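Q: Have a look at this one before I ask anything.
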Amino acid sequence: MEDVLGPDDIKVIHDFVDPEKSKVLVKFLDSCGEPTKFKETRFERHIDNEEVRAIIQEIRDNALEAVAQYFNERELKIVKIKREHNTQLVRFSGEESLPSHVDMKRKNKWNPDITMIAYLNDNYGGGEVVFSEAKIEVKPIANSLIIFPSGMPHETKRNYPIEGLEYNYRCSVPMFFTFKVEELWK
């Protein structure tokens, strides 16, 4: 029988990203031009700006520390990173949303797939991440990190402008990993 994923499988960490570093990444995304629908830059292959690369690497490294704590809270420890699927720097346009989906379908307690998303800004309306099966909705807050199993169905609501604010983009650093874990007491 499959484990049922619920609210306890979702972790949000506030004040995760230095606000000044978030501003650097948002400014970089803005300099890339107007996205038509979805702006994606895989930093390993496409970003030449060393400052931006260093900030993304720092976010990734800090996220790995956070996910180690996430597993520790579940009485598991990371034995190794089996696979880093990719780390991205993305900007969603105001009309973009993601329908219900899973990031990776494989479910295995000892080799879990984990999604981590660092949110860089929140000066837009909408953009909530809805986990329908867990009956929880998370409003992304600037500089926060959300961690959850990649096999957990979720959708992202369309973001929209807020009166008085010109910005209408949701900027984030999504990361996807597969880990090898074991029980803490082994």
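We name chains A, B, ... following the order of the structure tokens; residues begin at 1 in each chain, and ligands are numbered from 1 as shown.
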Hey, what does DSSP flag as strand (DSSP E or B) within stretch 28-140 of chain A? Can you give it to me as a PyMOL selection string?

A: chain A and resi 38-42+76-92+98-101+113-119+125-126+129-131+136-138

Q: List as CSV every residue of stretch 105-139 of chain A that is in contact with stretch 9-13 of chain A, defined as an atom at most 12 Å from one of its atoms (using only C-alpha atoms), together with the nearest atom pair and the distance in Å rounded to one decimal, sorted by chain and then rising number.

A:
residue,atom,partner,partner_atom,distance
A:Ile114,CA,A:Asp9,CA,10.4
A:Thr115,CA,A:Ile10,CA,10.0
A:Met116,CA,A:Lys11,CA,9.4
A:Ile117,CA,A:Val12,CA,9.6
A:Ala118,CA,A:Ile13,CA,9.2
A:Tyr119,CA,A:Ile13,CA,10.5
A:Val129,CA,A:Ile10,CA,11.0
A:Val130,CA,A:Ile10,CA,11.2
A:Phe131,CA,A:Ile10,CA,9.2
A:Glu133,CA,A:Asp9,CA,11.6
A:Ala134,CA,A:Asp9,CA,8.8
A:Lys135,CA,A:Ile10,CA,11.3
A:Ile136,CA,A:Ile10,CA,9.1
A:Glu137,CA,A:Ile10,CA,10.3
A:Val138,CA,A:Val12,CA,8.5
A:Lys139,CA,A:Val12,CA,10.1

Q: For A:Val17, which residue among A:Gln88, A:Ser144, A:Gln69, A:Ser97 is the nearest when counting only C-alpha atoms?

A: A:Ser144

Q: Do you know which residues are at most 12 Å from A:Asn49 counting only C-alpha atoms, after dropping those on the same chain fewer than 6 positions away, and could you put them as a ChimeraX atom specification?

A: /A:24-25,28-29,31-32,41,43,55-56

Q: Just to be explicit: take each residue in the selection above, keep all heavy atoms, and write the result as a compact mmCIF listing (two decimals), in the first residue's frame.

A:
# COMPACT_ATOMS: atom_id res chain seq x y z
N VAL A 24 19.12 40.79 -6.71
CA VAL A 24 20.09 40.60 -7.79
C VAL A 24 19.54 39.61 -8.81
O VAL A 24 19.62 39.84 -10.03
CB VAL A 24 21.46 40.11 -7.23
CG1 VAL A 24 22.38 39.66 -8.35
CG2 VAL A 24 22.12 41.20 -6.40
N LEU A 25 18.96 38.50 -8.34
CA LEU A 25 18.44 37.49 -9.26
C LEU A 25 17.23 38.01 -10.04
O LEU A 25 17.11 37.76 -11.25
CB LEU A 25 18.09 36.21 -8.51
CG LEU A 25 19.27 35.48 -7.86
CD1 LEU A 25 18.79 34.22 -7.16
CD2 LEU A 25 20.36 35.15 -8.87
N PHE A 28 18.46 40.33 -12.65
CA PHE A 28 19.04 39.56 -13.75
C PHE A 28 17.94 39.01 -14.66
O PHE A 28 18.03 39.11 -15.89
CB PHE A 28 19.90 38.41 -13.21
CG PHE A 28 20.39 37.51 -14.29
CD1 PHE A 28 21.46 37.86 -15.09
CD2 PHE A 28 19.75 36.29 -14.53
CE1 PHE A 28 21.91 37.02 -16.11
CE2 PHE A 28 20.19 35.46 -15.55
CZ PHE A 28 21.27 35.82 -16.35
N LEU A 29 16.90 38.43 -14.07
CA LEU A 29 15.79 37.91 -14.88
C LEU A 29 15.14 39.03 -15.69
O LEU A 29 14.80 38.83 -16.86
CB LEU A 29 14.75 37.22 -13.99
CG LEU A 29 15.12 35.82 -13.52
CD1 LEU A 29 14.16 35.36 -12.44
CD2 LEU A 29 15.13 34.84 -14.67
N SER A 31 16.57 41.60 -16.85
CA SER A 31 17.48 41.98 -17.93
C SER A 31 17.45 40.98 -19.09
O SER A 31 17.94 41.29 -20.18
CB SER A 31 18.91 42.11 -17.41
OG SER A 31 19.48 40.84 -17.16
N CYS A 32 16.88 39.82 -18.87
CA CYS A 32 16.82 38.80 -19.92
C CYS A 32 15.75 39.09 -20.95
O CYS A 32 15.62 38.37 -21.94
CB CYS A 32 16.58 37.42 -19.30
SG CYS A 32 17.97 36.83 -18.33
N THR A 41 15.87 29.63 -17.22
CA THR A 41 17.30 29.66 -17.47
C THR A 41 17.93 28.60 -16.59
O THR A 41 17.95 28.74 -15.38
CB THR A 41 17.88 31.05 -17.14
OG1 THR A 41 17.14 32.04 -17.83
CG2 THR A 41 19.33 31.14 -17.56
N PHE A 43 20.86 27.34 -14.92
CA PHE A 43 22.09 28.09 -14.65
C PHE A 43 23.35 27.33 -15.00
O PHE A 43 24.36 27.92 -15.32
CB PHE A 43 22.10 28.60 -13.20
CG PHE A 43 22.69 27.67 -12.18
CD1 PHE A 43 23.99 27.83 -11.77
CD2 PHE A 43 21.93 26.67 -11.61
CE1 PHE A 43 24.53 27.00 -10.83
CE2 PHE A 43 22.46 25.84 -10.65
CZ PHE A 43 23.78 26.01 -10.26
N ILE A 55 25.16 33.13 -6.43
CA ILE A 55 23.97 33.24 -5.57
C ILE A 55 23.12 31.98 -5.71
O ILE A 55 22.65 31.41 -4.72
CB ILE A 55 23.15 34.50 -5.91
CG1 ILE A 55 23.95 35.76 -5.52
CG2 ILE A 55 21.79 34.47 -5.21
CD1 ILE A 55 23.34 37.06 -6.04
N ILE A 56 22.92 31.52 -6.94
CA ILE A 56 22.13 30.30 -7.14
C ILE A 56 22.81 29.11 -6.47
O ILE A 56 22.15 28.29 -5.84
CB ILE A 56 21.90 30.04 -8.65
CG1 ILE A 56 21.03 31.14 -9.24
CG2 ILE A 56 21.24 28.68 -8.87
CD1 ILE A 56 20.93 31.13 -10.75

Q: Pick from A:Arg170, A:His154, A:Arg74, A:Lys80: nearest to A:Pro140, with only C-alpha atoms counted?

A: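 Looking only at the distances to A:Pro140, the closest residue turns out to be A:Arg170.
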
Q: Select from chain A everything DSSP, run on the backbone, classes as helix (DSSP H, G or I), then give the selection as a PyMOL selection string.

A: chain A and resi 7-9+19-31+43-46+50-72

Q: Name all residues at most 7 Å from A:Asp113 (count only C-alpha atoms; drop same-chain ones fewer than 4 positions away) and give them as number ranges by chain.

A: A: 104, 149-150, 177-179

Q: Give me the residues within 8 Å of A:Glu84 as a list in words, counting only C-alpha atoms and dropping any in the same chain fewer than 2 places off.

A: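 Contacts, in chain order: Ile81, Lys82, Asn86, Thr87, Phe176, Phe177 and Thr178 of chain A.
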
Q: Keeping only N, CA, C and O atoms, write those residues as a PDB file, in the first residue's frame.

A:
ATOM      1  N   ILE A  81      23.371  12.067  -2.390  1.00  0.00           N
ATOM      2  CA  ILE A  81      22.521  12.604  -3.449  1.00  0.00           C
ATOM      3  C   ILE A  81      22.676  11.646  -4.618  1.00  0.00           C
ATOM      4  O   ILE A  81      23.768  11.484  -5.161  1.00  0.00           O
ATOM      5  N   LYS A  82      21.588  10.972  -4.975  1.00  0.00           N
ATOM      6  CA  LYS A  82      21.654  10.028  -6.097  1.00  0.00           C
ATOM      7  C   LYS A  82      21.661  10.759  -7.428  1.00  0.00           C
ATOM      8  O   LYS A  82      22.335  10.355  -8.364  1.00  0.00           O
ATOM      9  N   ASN A  86      17.938  19.088 -11.827  1.00  0.00           N
ATOM     10  CA  ASN A  86      18.371  20.398 -12.291  1.00  0.00           C
ATOM     11  C   ASN A  86      17.997  21.467 -11.277  1.00  0.00           C
ATOM     12  O   ASN A  86      17.128  21.277 -10.432  1.00  0.00           O
ATOM     13  N   THR A  87      18.723  22.549 -11.356  1.00  0.00           N
ATOM     14  CA  THR A  87      18.420  23.753 -10.582  1.00  0.00           C
ATOM     15  C   THR A  87      18.194  24.830 -11.618  1.00  0.00           C
ATOM     16  O   THR A  87      18.973  24.972 -12.549  1.00  0.00           O
ATOM     17  N   PHE A 176      15.374  20.091  -8.023  1.00  0.00           N
ATOM     18  CA  PHE A 176      14.816  18.740  -7.986  1.00  0.00           C
ATOM     19  C   PHE A 176      15.951  17.742  -7.751  1.00  0.00           C
ATOM     20  O   PHE A 176      16.925  17.722  -8.502  1.00  0.00           O
ATOM     21  N   PHE A 177      15.806  16.917  -6.713  1.00  0.00           N
ATOM     22  CA  PHE A 177      16.849  15.968  -6.340  1.00  0.00           C
ATOM     23  C   PHE A 177      16.250  14.601  -6.046  1.00  0.00           C
ATOM     24  O   PHE A 177      15.111  14.502  -5.605  1.00  0.00           O
ATOM     25  N   THR A 178      17.071  13.568  -6.237  1.00  0.00           N
ATOM     26  CA  THR A 178      16.769  12.227  -5.743  1.00  0.00           C
ATOM     27  C   THR A 178      17.857  11.896  -4.731  1.00  0.00           C
ATOM     28  O   THR A 178      19.043  12.078  -5.007  1.00  0.00           O
TER      29      THR A 178
END

Q: What does the distance between atom CA of A:Glu182 and atom CA of A:Lys77 come to in Å, to one decimal place?

A: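 Taking atom CA of A:Glu182 as the start and atom CA of A:Lys77 as the end point, the length is 5.6 Å.
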
Q: Please report the interatomic distance between atom CA of A:Tyr124 and atom CA of A:His14 in Å with one decimal.

A: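 Taking atom CA of A:Tyr124 as the start and atom CA of A:His14 as the end point, the length is 17.7 Å.
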
Q: Work out how far apart atom CA of A:Arg53 and atom CA of A:Lys21 are and give it in Å to one decimal.

A: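 Atom-to-atom, atom CA of A:Arg53 to atom CA of A:Lys21, that is 11.2 Å.
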
Q: Which residues are close to A:Ala142, i.e. within 6 Å by only C-alpha atoms, leaving aside same-chain residues fewer than 5 positions away? Reply as a ChimeraX atom specification.

A: /A:119-122

Q: In terms of the shortest atom-to-atom distance over only C-alpha atoms, which of A:Lys180, A:Glu95, A:Pro161, A:Gly126 is closest to A:Phe71?

A: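 For A:Phe71, the nearest of the candidates is A:Lys180.
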
Q: With distances taken over only C-alpha atoms, which residue among A:Leu89, A:Thr156, A:Leu145, A:Tyr70 lies nearest A:Ser132?

A: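 Comparing A:Leu89, A:Thr156, A:Leu145, A:Tyr70 against A:Ser132, the winner is A:Thr156.
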